[in-house]
$ cat protein10.txt   # compact mmCIF, C-alpha atoms
# COMPACT_ATOMS: atom_id res chain seq x y z
CA MET D 1 12.71 50.99 -35.78
CA ARG D 2 12.78 54.42 -34.20
CA PHE D 3 16.26 53.70 -32.84
CA TYR D 4 17.45 52.58 -36.29
CA THR D 5 16.03 55.72 -37.95
CA LEU D 6 17.61 57.94 -35.30
CA THR D 7 20.99 56.22 -35.63
CA THR D 8 20.95 56.46 -39.42
CA THR D 9 19.98 60.12 -39.28
CA LEU D 10 22.77 60.89 -36.81
CA ALA D 11 25.29 59.01 -38.97
CA VAL D 12 24.27 60.90 -42.10
CA LEU D 13 24.39 64.26 -40.32
CA SER D 14 27.80 63.46 -38.83
CA LEU D 15 29.17 62.50 -42.22
CA ALA D 16 27.81 65.69 -43.76
CA PHE D 17 29.33 67.73 -40.94
CA ILE D 18 32.77 66.11 -41.22
CA THR D 19 33.01 66.36 -45.00
CA GLY D 20 31.72 69.93 -44.91
CA CYS D 21 34.62 70.98 -42.65
CA ARG D 22 37.25 69.71 -45.08
CA GLN D 23 38.61 72.23 -47.56
CA THR D 24 41.58 70.66 -49.26
CA VAL D 25 43.45 72.08 -52.22
CA ASN D 26 44.18 70.43 -55.55
CA THR D 27 47.15 71.78 -57.48
CA THR D 28 48.83 71.53 -60.85
CA GLN D 29 52.34 72.56 -61.85
CA ARG D 30 55.10 71.80 -64.32
CA ALA D 31 56.07 68.16 -64.38
CA GLN D 32 59.72 69.23 -64.68
CA SER D 33 60.33 72.38 -62.67
CA GLN D 34 62.37 75.09 -64.40
CA ALA D 35 63.42 76.63 -61.08
CA ALA D 36 66.84 75.97 -59.54
CA PRO D 37 66.42 76.90 -55.89
CA SER D 38 69.33 77.16 -53.53
CA TYR D 39 68.32 74.97 -50.61
CA VAL D 40 69.55 75.47 -47.08
CA ASP D 41 70.41 72.56 -44.79
CA ASP D 42 68.38 73.41 -41.71
CA HIS D 43 68.40 72.29 -38.11
CA ARG D 44 64.95 71.91 -36.57
CA ILE D 45 63.95 71.99 -32.92
CA ILE D 46 60.39 70.76 -32.34
CA THR D 47 58.89 71.67 -28.98
CA ASP D 48 55.24 71.61 -30.08
CA ARG D 49 54.69 68.12 -31.48
CA GLY D 50 51.09 68.89 -32.34
CA LEU D 51 52.10 71.79 -34.53
CA GLY D 52 54.96 69.76 -35.94
CA ARG D 53 52.53 67.02 -37.00
CA ILE D 54 50.11 69.41 -38.69
CA ILE D 55 52.51 71.93 -40.26
CA HIS D 56 55.49 70.31 -41.95
CA ILE D 57 58.53 72.30 -42.99
CA LEU D 58 59.23 70.96 -46.46
CA SER D 59 62.24 73.05 -47.44
CA VAL D 60 64.17 76.24 -46.84
CA ASN D 61 65.83 78.08 -49.67
CA GLU D 62 67.73 81.31 -49.96
CA THR D 63 68.56 83.99 -52.46
CA THR D 64 70.07 87.48 -52.53
CA VAL D 65 68.08 90.60 -53.34
CA SER D 66 69.03 94.23 -53.80
CA GLY D 67 72.57 93.09 -54.45
CA ASP D 68 73.51 91.90 -50.98
CA LEU D 69 70.48 91.22 -48.78
CA LEU D 70 69.62 87.67 -47.75
CA LYS D 71 66.08 86.48 -48.56
CA ILE D 72 64.76 83.29 -47.03
CA GLN D 73 61.77 81.26 -48.17
CA VAL D 74 60.28 78.43 -46.13
CA ARG D 75 57.85 75.98 -47.72
CA LEU D 76 55.20 74.73 -45.33
CA GLU D 77 52.65 71.97 -45.77
CA ASN D 78 49.38 71.70 -43.91
CA THR D 79 49.07 67.95 -43.51
CA SER D 80 45.54 68.11 -42.13
CA LYS D 81 42.39 68.31 -44.23
CA LYS D 82 41.15 71.42 -42.46
CA PRO D 83 42.46 74.99 -42.85
CA GLN D 84 45.21 75.86 -40.38
CA THR D 85 46.88 79.08 -39.38
CA VAL D 86 50.48 79.28 -38.24
CA ASN D 87 52.19 82.34 -36.73
CA TYR D 88 55.80 82.93 -37.70
CA PHE D 89 58.68 85.27 -37.02
CA PHE D 90 62.09 85.69 -38.64
CA GLU D 91 65.21 86.49 -36.62
CA TRP D 92 68.40 87.57 -38.34
CA TYR D 93 72.02 87.12 -37.19
CA ASP D 94 75.17 88.71 -38.47
CA VAL D 95 78.57 87.14 -39.15
CA ASP D 96 79.44 87.49 -35.46
CA GLY D 97 76.33 85.58 -34.44
CA MET D 98 74.72 88.72 -33.01
CA LEU D 99 71.02 89.33 -33.39
CA VAL D 100 70.31 92.12 -35.86
CA SER D 101 67.40 94.08 -34.49
CA SER D 102 64.38 95.03 -36.55
CA ALA D 103 62.16 98.05 -36.08
CA SER D 104 59.10 96.08 -37.04
CA LEU D 105 59.53 93.07 -34.77
CA ALA D 106 56.14 91.75 -35.83
CA TRP D 107 54.93 88.21 -35.82
CA GLU D 108 52.94 87.37 -38.92
CA SER D 109 50.40 84.69 -39.70
CA LYS D 110 49.91 82.39 -42.64
CA ARG D 111 46.65 80.62 -43.41
CA LEU D 112 46.96 77.28 -45.22
CA GLN D 113 43.96 75.42 -46.60
CA GLY D 114 43.68 71.67 -46.12
CA LYS D 115 46.67 69.83 -47.61
CA GLU D 116 47.95 73.11 -49.03
CA VAL D 117 51.62 73.87 -49.50
CA GLY D 118 52.46 77.53 -49.02
CA VAL D 119 55.52 79.71 -48.43
CA ILE D 120 56.60 82.30 -45.93
CA THR D 121 59.37 84.69 -46.89
CA ALA D 122 61.39 87.50 -45.40
CA VAL D 123 64.25 89.75 -46.44
CA ALA D 124 67.09 90.68 -44.11
CA ARG D 125 67.50 94.39 -43.58
CA ASN D 126 71.25 94.36 -43.36
CA SER D 127 73.99 93.06 -45.65
CA ARG D 128 75.84 91.76 -42.57
CA VAL D 129 73.11 89.17 -42.03
CA VAL D 130 74.29 85.64 -42.76
CA ASP D 131 72.04 83.46 -40.57
CA PHE D 132 68.44 83.25 -39.53
CA ILE D 133 66.01 81.51 -37.21
CA VAL D 134 62.39 81.03 -38.22
CA LYS D 135 59.97 80.61 -35.32
CA LEU D 136 56.62 78.90 -35.84
CA GLN D 137 53.81 78.96 -33.32
CA GLU D 138 50.26 77.72 -33.17
CA PRO D 139 47.73 80.57 -32.86
CA LYS D 140 45.96 81.12 -29.58
CA ARG D 141 42.61 79.30 -29.47
CA MET N 1 21.03 58.90 -2.83
CA LYS N 2 24.36 57.68 -4.11
CA ASN N 3 23.63 59.14 -7.57
CA SER N 4 22.81 62.59 -6.24
CA ALA N 5 25.95 62.52 -4.09
CA ASN N 6 28.03 61.65 -7.14
CA ARG N 7 26.34 64.44 -9.05
CA ILE N 8 27.14 66.96 -6.32
CA VAL N 9 30.79 65.89 -6.30
CA LEU N 10 30.98 66.16 -10.09
CA VAL N 11 29.40 69.61 -10.18
CA GLY N 12 31.64 70.74 -7.35
CA ALA N 13 34.72 69.49 -9.18
CA LEU N 14 33.64 71.30 -12.35
CA ILE N 15 33.11 74.56 -10.47
CA ILE N 16 36.49 74.30 -8.74
CA GLY N 17 38.16 73.42 -12.03
CA THR N 18 36.57 76.38 -13.79
CA LEU N 19 37.55 78.78 -11.02
CA GLY N 20 41.06 77.40 -11.03
CA PHE N 21 41.35 77.78 -14.79
CA THR N 22 39.98 81.30 -14.91
CA GLY N 23 42.17 82.19 -11.97
CA CYS N 24 45.19 81.52 -14.20
CA GLN N 25 44.03 84.29 -16.55
CA SER N 26 45.54 87.25 -14.71
CA THR N 27 43.92 90.63 -15.29
CA LYS N 28 46.92 92.53 -13.97
CA ALA N 29 48.66 94.88 -16.38
CA LYS N 30 51.77 93.36 -17.94
CA TYR N 31 54.24 94.03 -20.68
CA VAL N 32 53.71 92.22 -23.96
CA GLU N 33 55.84 92.27 -27.08
CA SER N 34 54.67 94.97 -29.49
CA GLY N 35 53.70 93.17 -32.67
CA GLY N 36 53.75 89.87 -30.78
CA THR N 37 51.02 87.27 -30.59
CA GLU N 38 49.74 88.43 -27.21
CA THR N 39 48.57 91.79 -28.49
CA ILE N 40 44.93 92.73 -28.77
CA VAL N 41 43.22 92.26 -32.12
CA SER N 42 40.44 94.80 -32.56
CA LEU N 43 37.92 95.21 -35.32
CA ASN N 44 37.50 98.98 -35.19
CA GLU N 45 41.07 100.19 -35.58
CA ILE N 46 44.49 99.46 -36.99
CA ASN N 47 46.49 97.74 -34.27
CA ILE N 48 50.21 98.16 -33.65
CA GLN N 49 50.93 94.72 -35.07
CA ASP N 50 49.03 95.67 -38.26
CA TRP N 51 51.30 98.66 -38.82
CA SER N 52 54.38 96.50 -38.24
CA LYS N 53 53.12 93.77 -40.55
CA ALA N 54 52.29 96.23 -43.34
CA ALA N 55 55.64 98.03 -43.01
CA ASP N 56 57.53 94.70 -42.97
CA GLU N 57 55.84 93.43 -46.10
CA MET N 58 56.24 96.72 -47.94
CA VAL N 59 59.96 96.86 -47.20
CA ASP N 60 60.35 93.22 -48.25
CA SER N 61 58.59 94.01 -51.49
CA LEU N 62 60.70 97.09 -52.20
CA LEU N 63 64.00 95.36 -51.45
CA THR N 64 63.03 92.33 -53.53
CA SER N 65 61.95 94.43 -56.52
CA GLY N 66 65.52 95.37 -57.37
CA VAL N 67 64.55 99.01 -57.94
CA LEU N 68 67.11 100.27 -55.45
CA GLU N 69 69.90 98.54 -57.38
CA ARG N 70 69.19 100.96 -60.23
CA ALA N 71 69.25 104.04 -57.98
CA PRO N 72 71.48 106.90 -59.23
CA ARG N 73 73.46 106.86 -55.99
CA VAL N 74 73.98 104.70 -52.93
CA PRO N 75 72.36 105.28 -50.61
CA ALA N 76 69.48 106.74 -52.59
CA VAL N 77 67.75 109.79 -51.12
CA MET N 78 64.04 109.53 -50.48
CA ALA N 79 61.55 112.18 -49.44
CA ILE N 80 58.22 111.44 -47.78
CA SER N 81 55.27 112.77 -49.68
CA ARG N 82 51.59 112.64 -48.77
CA ILE N 83 50.15 109.50 -47.22
CA ILE N 84 46.39 110.00 -47.51
CA ASN N 85 44.24 108.53 -44.78
CA ASN N 86 40.91 107.37 -46.22
CA THR N 87 39.96 105.30 -43.18
CA GLN N 88 37.37 106.17 -40.57
CA GLN N 89 40.04 106.63 -37.93
CA GLN N 90 42.35 109.45 -37.10
CA VAL N 91 45.76 107.86 -37.50
CA ASP N 92 49.29 109.12 -37.64
CA THR N 93 50.74 107.70 -40.83
CA ASP N 94 54.17 107.85 -39.22
CA TYR N 95 53.22 104.50 -37.71
CA LEU N 96 53.80 103.14 -41.19
CA THR N 97 56.30 105.48 -42.81
CA LYS N 98 58.69 105.72 -39.89
CA LYS N 99 59.05 101.95 -39.68
CA ILE N 100 59.70 101.82 -43.42
CA ARG N 101 62.26 104.61 -43.21
CA VAL N 102 64.09 102.95 -40.33
CA GLU N 103 64.24 99.60 -42.12
CA LEU N 104 65.46 101.12 -45.37
CA ASN N 105 68.02 103.18 -43.49
CA LYS N 106 69.34 100.07 -41.75
CA SER N 107 69.65 98.34 -45.10
CA GLY N 108 72.03 101.04 -46.24
CA LYS N 109 70.09 101.37 -49.49
CA VAL N 110 68.03 104.47 -48.74
CA VAL N 111 68.30 107.55 -46.56
CA THR N 112 65.40 109.88 -45.98
CA THR N 113 65.72 113.61 -46.33
CA THR N 114 64.17 115.51 -43.46
CA THR N 115 64.60 118.91 -45.10
CA VAL N 116 62.40 118.28 -48.13
CA GLY N 117 58.77 117.43 -47.61
CA ALA N 118 55.31 117.68 -49.13
CA GLY N 119 54.11 121.26 -49.51
CA GLY N 120 57.62 122.54 -48.89
CA ARG N 121 57.36 121.62 -45.22
CA ALA N 122 60.55 120.24 -43.75
CA GLU N 123 60.33 117.56 -41.10
CA ASP N 124 63.41 119.03 -39.47
CA GLN N 125 63.12 122.79 -39.93
CA LEU N 126 66.24 123.44 -37.87
CA ALA N 127 68.35 121.27 -40.20
CA LYS N 128 66.91 123.05 -43.20
CA ASP N 129 67.51 126.52 -41.77
CA ALA N 130 71.05 125.59 -40.71
CA ALA N 131 71.88 124.20 -44.16
CA GLU N 132 70.55 127.30 -45.86
CA TYR N 133 72.45 129.61 -43.52
CA ASP N 134 75.67 127.65 -44.05
CA ALA N 135 75.22 127.77 -47.81
CA PHE N 136 74.52 131.50 -47.67
CA MET N 137 77.65 132.17 -45.65
CA LYS N 138 79.78 130.07 -47.99
CA ASP N 139 78.04 131.35 -51.09
CA LYS N 140 77.06 127.94 -52.35
CA GLN N 141 73.89 125.97 -53.13
CA PRO N 142 72.28 124.72 -49.91
CA ALA N 143 72.23 120.95 -49.50
CA SER N 144 68.59 121.12 -48.57
CA SER N 145 67.77 122.27 -52.09
CA ASN N 146 69.20 119.10 -53.60
CA MET N 147 66.38 117.10 -55.08
CA PRO N 148 65.79 113.65 -53.62
CA ASP N 149 66.02 110.65 -55.93
CA TYR N 150 62.68 109.23 -54.88
CA SER N 151 59.53 110.21 -53.04
CA LEU N 152 57.25 107.88 -51.12
CA SER N 153 53.53 108.48 -51.26
CA GLY N 154 50.47 106.40 -50.52
CA LYS N 155 47.00 105.91 -49.20
CA LEU N 156 45.24 104.01 -46.42
CA LEU N 157 41.81 102.54 -47.16
CA GLU N 158 39.21 100.76 -45.11
CA ASN N 159 36.44 98.35 -46.05
CA ARG N 160 33.85 97.06 -43.60
CA VAL N 161 31.29 94.30 -44.04
CA ARG N 162 29.03 92.41 -41.71
CA ALA N 163 27.31 89.02 -41.77
CA GLY N 164 24.99 88.65 -38.81
CA SER N 165 27.02 89.30 -35.71
CA THR N 166 30.33 88.66 -37.49
CA ARG N 167 32.19 91.77 -38.58
CA GLN N 168 35.03 91.94 -41.07
CA VAL N 169 37.32 94.89 -41.68
CA THR N 170 40.02 95.15 -44.34
CA TYR N 171 42.71 97.81 -44.15
CA THR N 172 44.51 98.43 -47.44
CA PHE N 173 47.95 100.02 -47.43
CA GLN N 174 48.99 101.45 -50.80
CA LEU N 175 52.45 102.85 -51.43
CA SER N 176 54.28 104.22 -54.46
CA LEU N 177 57.94 105.08 -54.89
CA THR N 178 58.30 107.78 -57.52
CA GLU N 179 61.52 108.58 -59.33
CA VAL N 180 61.63 112.36 -58.92
CA ALA N 181 63.65 112.99 -62.11
CA THR N 182 61.10 111.30 -64.38
CA GLY N 183 57.89 111.33 -62.34
CA TYR N 184 57.51 107.58 -62.86
CA ALA N 185 56.34 105.27 -60.08
CA VAL N 186 59.20 102.77 -60.18
CA TRP N 187 57.80 100.67 -57.38
CA GLU N 188 54.25 100.21 -56.16
CA ASP N 189 52.62 97.75 -53.86
CA GLU N 190 49.42 97.18 -51.93
CA LYS N 191 48.97 95.15 -48.78
CA GLU N 192 45.67 94.16 -47.20
CA ILE N 193 45.09 93.19 -43.62
CA THR N 194 41.71 91.60 -42.96
CA LYS N 195 40.33 90.93 -39.52
CA GLN N 196 37.12 89.07 -38.80
CA GLY N 197 35.22 88.29 -35.64
CA LYS N 198 32.43 89.24 -33.30
CA LYS N 199 34.51 91.26 -30.88
CA ALA N 200 38.07 92.23 -30.04
CA SER N 201 40.30 89.55 -28.52
CA VAL N 202 43.53 89.27 -26.58
CA GLY N 203 46.14 87.26 -28.42
CA TRP N 204 46.08 85.68 -31.86

$ encode --input "protein10.txt" --output "C-alpha cells"
Amino acid sequence: MRFYTLTTTLAVLSLAFITGCRQTVNTTQRAQSQAAPSYVDDHRIITDRGLGRIIHILSVNETTVSGDLLKIQVRLENTSKKPQTVNYFFEWYDVDGMLVSSASLAWESKRLQGKEVGVITAVARNSRVVDFIVKLQEPKR
Amino acid sequence: MKNSANRIVLVGALIIGTLGFTGCQSTKAKYVESGGTETIVSLNEINIQDWSKAADEMVDSLLTSGVLERAPRVPAVMAISRIINNTQQQVDTDYLTKKIRVELNKSGKVVTTTTVGAGGRAEDQLAKDAAEYDAFMKDKQPASSNMPDYSLSGKLLENRVRAGSTRQVTYTFQLSLTEVATGYAVWEDEKEITKQGKKASVGW
C-alpha cells in the first residue's frame, strides 16, 4: 500500500514536472499569405546532428535594401517542446568569393519557445556582397 | 568485503574522471574572438559582444529603413551628436558609435564628418583648422562649415532587477538620426540587451 502510494505520488509529480517544462507556441496567420518571398536554394552542412534535429532551417529568403544591399532572412523552427537558444553568425562574400570583413564581427543569439518558428536576419554592409554563409551553434551549457 | 572494494573502485574512478575533466579546462590566458561565443558574459557591465550586437542591429535597422535612399547626396554626411550615458557605468560611447560609423562608411551610404561635432567640438581639430586655413587663403567658404545632412544622437539606459539570487540587467540603446535641414528624426530605433544569471560566466 505504501509502495503503491509512493509510486503514484512520484508518477504525478513527474508528470507535473514534465508538463511544466513545456512552453510551446500556438500561432495564427493568413490562410493565403500575401507575401511573395524570394527564396534562396541553400546548401547545408550539418556537423552537429543534435542541433540539426532540434533547430530546423525551414527556408532562406533574400531581398535588397537601401537600393543595393543584400538582406538575408533565415526561418528557423524549434522542433522540441522546450525553449531553445541558438547562436548564429552571418558571413558575407563578394563577387570574387572573398570574405567581406565586418567591424562588428559579433555572434548573436536567438531564443525560440517550444515549437516556435522564428527568423534571424542580417544586412550586408557592402553592395559588392553577393553570397553569404550563416553559422548556427548550440550555446555553451 | 567485495561491495566495499567495488565502492572504492567506483569512487576512485569518479575522482579520476572529475580531475581529468577539470584538467581539460585550461586557466591559461588565450585569445578569443571578440564578440564570439567564448567571451565572458557579466551582469554588472556592458560587454564587448553587447556593443557589437547593438551596433550590428542598429545598422541593420537603419539600412533596412530606406531613409538613406532619400538622402540629399550620396554618400550622405553625418555628424555625431551627444550620446547620453544614463547607466551606472563609466563607458566610452565610441564603443557603439565608432562601430556604427565604420559599418555605414563601408556601405558607401554615409560618411561621418570629423570637423563638426556637438558643442562645436571637432573630433579632428587638425582637419578643421587646416580646412579653415585653406579656405582663408583661397578666400572661400571652408568645407568644415558645410552643414552635415544628418546627426546621430542617442542614450544608453540600464535597468536592474533581482529575484532571490538571480540578477537581471537590461541595457537599452536608443539612437536617432536627425535630418539637420528640418530637425526631424527620420530614423529612430531602440535595442535592448538583457542578461540574467547568478554570476558572470565564460562563454555563452

$ interface_residues --input "protein10.txt" --of "chain D" --to "chain N" --cutoff "7 Å" --atoms "only C-alpha atoms" --output "ChimeraX atom specification"
/D:65-67,103-108,122-123,125-127,139-140

$ residues_near_point --input "protein10.txt" --point "(58.4, 75.8, -49.5)" --cutoff "7 Å" --atoms "all atoms listed in the file" --output "ChimeraX atom specification"
/D:58-60,73-76,118-119

$ residues_near_point --input "protein10.txt" --point "(72.2, 81.1, -50.1)" --cutoff "10 Å" --atoms "all atoms listed in the file" --output "tab-separated table (two decimals) with C-alpha atoms, in the coordinates of the input"
chain	number	residue	atom	x	y	z
D	37	PRO	CA	66.42	76.90	-55.89
D	38	SER	CA	69.33	77.16	-53.53
D	39	TYR	CA	68.32	74.97	-50.61
D	40	VAL	CA	69.55	75.47	-47.08
D	60	VAL	CA	64.17	76.24	-46.84
D	61	ASN	CA	65.83	78.08	-49.67
D	62	GLU	CA	67.73	81.31	-49.96
D	63	THR	CA	68.56	83.99	-52.46
D	64	THR	CA	70.07	87.48	-52.53
D	70	LEU	CA	69.62	87.67	-47.75
D	71	LYS	CA	66.08	86.48	-48.56
D	72	ILE	CA	64.76	83.29	-47.03
D	130	VAL	CA	74.29	85.64	-42.76
D	131	ASP	CA	72.04	83.46	-40.57

$ residues_around --input "protein10.txt" --residues "Lys199 in chain N" --least-positions-apart "3" --cutoff "9 Å" --atoms "all atoms listed in the file" --output "number ranges by chain"
N: 41-43, 166-167, 196

$ closest_residue --input "protein10.txt" --among "N:Ser176, N:Asn6, N:Val110, N:Tyr184" --to "Pro72 in chain N" --atoms "all atoms listed in the file"
N:Val110

$ residues_around --input "protein10.txt" --residues "Ile55 in chain D" --least-positions-apart "5" --cutoff "8 Å" --atoms "all atoms listed in the file" --output "ChimeraX atom specification"
/D:76-79,86
